[in-house]
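What follows is a set of notes on a single structure, which appears directly below.
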Amino acid sequence: MRTDRGGRNWARSLLTFFGVSVLSGALAAGLIIPLAGFAGRGSAEVAATVQDLPREFTTDPLPVRSRILAADGSLIATLYEQNRVPVPLSAVSPIMQKAIVAIEDSRFYEHGALDFKGTLRAMLRNQTEGSVQQGGSSITQQFVKMSLVEKARTADERTKATAVTYERKLTELRYAIAVESDLSKNEILERYLNLANFGDGAYGIQVAAQHYYRTSAAKLTLPQAALLAGLVKNPTGYDPTNNAARAKARRDIVIRRMLELGVITLRQANQALRTPVINPAMVEPVPNGCANSRYPFYCEYVVSKLLANPALGPTEKDRDHYLKTGGLLIRTSIDPRIQAAAQASIDKHSRMTDTAAAAITIVEPGTGLVKAMVQSKPYGNGRNHTNYNYNVEKSYAGGYGGFQNGSTMKAFTIAAALSKGIAMDYRINSPEQIDLRDKKFRTCHGTTRDPTYQPHNSTHSGDLTMVEAARFSTNTYFLQLSEKTGLCPIAQIAARLGMYNAQNGQPLDQVVSMTLGVGYVTPLMLSNAYATFAARGKYCKPIVVTSVRDKSGRPIPGPGFDCKQVLPRAVADGVNRVLSAVMDPGGTGGHLRFGTRAMAGKTGTIQQNLAVWFAGYTPNLAAAAVVADASLPYTNLMYHHTLDGVDISDPTGSGTAGPLWKSAMQLALQGMPAPHFVTPPKRLIGDPNPPPPVDKTKPGKTGKPTKPTKPTKPTTPTTTPTTPTKPTKPTKPTKPHRR
């Protein structure tokens, strides 16, 4: 034996190394640090290393899953990076607490940051048997290690947190000492149980209990607790859903260890050993994300709105992380009953195999709450599935970007005319075709013209009032009315009601044919705009997120309800009166009326039948339904397209999209009161039975009655084309075509 000073120093270094290694748990974990690792170092250097170790330990908040709820409180989706629901130790069954302590650190309540006896015993056994048979890290040390791994954000940080080095073990030990000085044993155990990975995507004891046994942590039994306690050492290797036999062997080790320690009786142990590990049919998966939601398209739209909320973080990446780790409780506008009504309509009138796509959005007037959002193509990547949401704008994740809305745009022209004091009895001679090649239409920035534009009607023509023209959706009437009002007021009213180009976010184009719907809009936009009429001119931004609370229950600010009066009530009442005529017998929407409710609406068919619409409302709900070719390039719905498995031979707003609207609204309105629209002032109504003008005017000219005559009624469309002989009499359509 060396007796000189150098020998004594070497011996001191060796003893220091041995003591620190034991303290650190390095040997106990099976890590055999070579003597050369410290043999060349003086005790002062070792002491300095220990002295430099951190003295305080802070942990990040535990990642906790967030939940998105429907208006009735039912679950729509769960979002998480780690599926976890923290619970206090008082909510964990005593047998679970005993099981985890028994197998991981039986002297947990007796020692400090580490267990000297356990560490030395594990070291000697591992060295004697030449392999890692027993661990020595205390529950506190394990908690520190798991926390460091959890805090790691990069690959380098994760590598450092799991590196097999004495520096890491020393760091963990020093942190463990800090934890023991700051927290009670029960507080440490609580955090440990909430942090631990229990395999198969279950983090924390509460979710593990729910996942494997459909119970709570408070109700875990002995065999259940033993299985979960055994999982912590190797969550993947002992996962009962992958290897039940291996999981049982590990569970039985826990049970026998509990018996050995006197935690349970022999009878209890035998009963537990005979219990099956799990019932595979009882394992409850927790779907993650919107793709697994019952309302995937709506869910994605909700998440898009949340990602745009700066209150959730400075960047979209930060917000996404917070959504999946912050334990948020997100309440939304969707009403499962109304959603089911809309879905039932989609199921009744379409099939996922159809070449045409159908979509419906339902909004509540006066609040902007989006009550339903459905479409015919299911969510997914498979055949006849899509990831596109046909109901929303392109700027949001998965948003398709809308379709041209056809004659549903006439509602805004009606509002512009009424705003200018043009009464509903205002007559315009509206021939079957009109030449607008030389006409200049006023815009917000000047004038515009179309040198080739000669539009025609597909329904009634003749000398018509605004009400009659709306009832029959007479194109040439509304083109001339938009010339009189100017395009700027129409564009401004549409914008105030939330209408813009869903493809690029820009204002709708002010072109000669604007009143016939040339802009790309969505069912959400259109239903919400029509809801403004139903709410007597009160516009509310569409709202899908009604509240967000953090895991402590504190509210997080968001856009919230945003309503304002954008139209005079009298004007909105006038629009309701005019569009109610559409639903009268003989109107393009007459066959869509049901019951005695007050209702109004408008059909829409765009050029070449690329899309057909029906948008309508009652004072309770507003809905827009569209049927369109959603593939590229767009093609005419009349050719080689099916809806509900049948060829679409005559696509129209009333005949194709209308039934979708009707079925959805019939079910959605069940049980709701049936209020009436408010009667507009007489100055906007004019003469309820206005006579035609006495003077003969040329086609395309307007005239006001100068002498009362017997009122005339427009004839019912027939299949026999008629050439107009007098502008004072409505002509029969050249082609039967519902709008």
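Just so we're on the same page: first chain in the structure tokens is A, next is B, and so on; residues restart at 1 for each chain, and ligands are numbered from 1 in the order they show up.
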(request) List every residue of range 193-307 of chain A that DSSP, applied to the backbone of this structure, places in alpha helix (DSSP H), and write the result as a PyMOL selection string. (result) chain A and resi 193-195+205-213+222-231+244-260+266-273+296-307
Using only C-alpha atoms, what table do you get, as a Markdown table, when you list each residue of range 232-313 of chain A with an atom no more than 8 Å from range 217-225 of chain A, its nearest pair of atoms, and their distance in Å rounded to one decimal, rows by chain then rising number?
```
| residue | atom | partner | partner_atom | distance |
| --- | --- | --- | --- | --- |
| A:Arg251 | CA | A:Pro223 | CA | 7.6 |
| A:Ile255 | CA | A:Pro223 | CA | 7.6 |
| A:Ala272 | CA | A:Pro223 | CA | 5.0 |
| A:Leu273 | CA | A:Pro223 | CA | 7.3 |
| A:Thr275 | CA | A:Pro223 | CA | 6.8 |
| A:Val277 | CA | A:Pro223 | CA | 7.5 |
```
(request) May I have the residues within 12 Å of Glu104 in chain A as an MDAnalysis selection string, using only C-alpha atoms and disregarding those fewer than 4 positions away in the same chain? (result) chainID A and resid 97:100 108 115 118 134:143 189 192:193 226 228:233 253:254 257:258
(request) Quick one: everything within 9 Å of Leu323 in chain A, counting only C-alpha atoms, minus sequence neighbours fewer than 5 positions away in the same chain. Send it as a ChimeraX atom specification. (result) /A:65-66,79-80,303,306-307,312,318,328
(request) Excluding Met409 in chain A and any residue of its chain fewer than 3 positions from it, enumerate the residues within 6 Å of it, using only C-alpha atoms, and give them as a ChimeraX atom specification. (result) /A:412,515-517
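The spacing separating CA of Thr367 in chain A from CA of Pro681 in chain A amounts to 25.2 Å.
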(message) I'd like to know which of A:Ala417, A:Glu110, A:Asn475, A:Gly519 is closest to Cys488 in chain A, using only C-alpha atoms.
(response) A:Ala417
(request) Using only C-alpha atoms, determine which residues lie at most 6 Å from range 160-177 of chain A, disregarding the query and same-chain residues fewer than 3 positions distant; provide the list as a list in words. (result) Ser24, Ala26, Phe57, Ala113, Thr140, Gln141, Leu148, Val149, Glu157 and Glu180 of chain A
Any chance you can output those residues with C-alpha atoms as a short mmCIF file (atom, residue, chain, number, x, y, z; two decimals), in the first residue's frame?
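The file below, part_14.cif, is the result:
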```
data_model
loop_
_atom_site.label_atom_id
_atom_site.label_comp_id
_atom_site.auth_asym_id
_atom_site.auth_seq_id
_atom_site.Cartn_x
_atom_site.Cartn_y
_atom_site.Cartn_z
CA SER A 24 -24.97 10.57 -7.69
CA ALA A 26 -24.27 6.57 -11.19
CA PHE A 57 -34.34 23.38 -9.71
CA ALA A 113 -32.51 12.99 -2.01
CA THR A 140 -36.90 12.22 -6.46
CA GLN A 141 -33.94 11.56 -8.77
CA LEU A 148 -35.02 17.56 -17.51
CA VAL A 149 -36.03 15.38 -20.44
CA GLU A 157 -30.88 19.11 -25.16
CA GLU A 180 -36.19 17.63 -1.43
#
```
Range 588-643 of chain A residues near range 379-403 of chain A within 10 Å, closest pair each, using only C-alpha atoms, as a Markdown table:
```
| residue | atom | partner | partner_atom | distance |
| --- | --- | --- | --- | --- |
| A:Ile606 | CA | A:Phe403 | CA | 9.1 |
| A:Leu610 | CA | A:Phe403 | CA | 8.4 |
| A:Ala611 | CA | A:Phe403 | CA | 6.8 |
| A:Val612 | CA | A:Phe403 | CA | 9.1 |
| A:Trp613 | CA | A:Phe403 | CA | 9.5 |
| A:Ala624 | CA | A:Asn391 | CA | 9.4 |
| A:Ala625 | CA | A:Asn391 | CA | 9.3 |
| A:Val626 | CA | A:Phe403 | CA | 8.5 |
| A:Val627 | CA | A:Phe403 | CA | 9.5 |
| A:Ala628 | CA | A:Phe403 | CA | 7.7 |
| A:Asp629 | CA | A:Phe403 | CA | 9.3 |
| A:Ala630 | CA | A:Tyr390 | CA | 8.3 |
```
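Ranking A:Arg337, A:His321, A:Arg158, A:Arg427 by their shortest atom-to-atom distance to Asp687 in chain A, with only C-alpha atoms included, puts A:Arg427 first.
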Tell me which protein, DNA and RNA residues are within 9 Å of Ile556 in chain A, counting only C-alpha atoms, leaving out same-chain ones fewer than 3 positions away, and put them as a tab-separated table (two decimals) with N, CA, C and O atoms, in the first residue's frame.
```
chain	number	residue	atom	x	y	z
A	311	ALA	N	-53.36	36.41	-28.03
A	311	ALA	CA	-53.38	36.16	-26.59
A	311	ALA	C	-52.83	34.78	-26.24
A	311	ALA	O	-52.49	34.52	-25.09
A	312	LEU	N	-52.74	33.90	-27.23
A	312	LEU	CA	-52.23	32.55	-27.00
A	312	LEU	C	-50.73	32.45	-27.25
A	312	LEU	O	-50.15	31.37	-27.06
A	547	SER	N	-65.46	30.98	-25.89
A	547	SER	CA	-64.62	31.27	-24.72
A	547	SER	C	-63.44	30.33	-24.68
A	547	SER	O	-63.49	29.21	-25.19
A	548	VAL	N	-62.36	30.81	-24.06
A	548	VAL	CA	-61.16	30.00	-23.83
A	548	VAL	C	-60.71	30.23	-22.40
A	548	VAL	O	-60.58	31.39	-21.96
A	549	ARG	N	-60.47	29.16	-21.67
A	549	ARG	CA	-59.96	29.26	-20.31
A	549	ARG	C	-58.70	28.42	-20.17
A	549	ARG	O	-58.59	27.36	-20.78
A	550	ASP	N	-57.75	28.93	-19.36
A	550	ASP	CA	-56.52	28.17	-19.15
A	550	ASP	C	-56.78	27.06	-18.15
A	550	ASP	O	-57.89	26.89	-17.65
```
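Proximity of A:Gly199, A:Gly590, A:Pro296, A:Pro557 to Val545 in chain A, computed with only C-alpha atoms, is greatest for A:Pro557.
Ranking A:Thr546, A:Gln608, A:Thr459, A:Thr78 by their shortest atom-to-atom distance to Lys324 in chain A, with only C-alpha atoms included, puts A:Thr78 first.
Distances here use only C-alpha atoms; by that measure, the residue among A:Ala668, A:Ala178, A:Ala623, A:Ala155 closest to Pro336 in chain A is A:Ala668.
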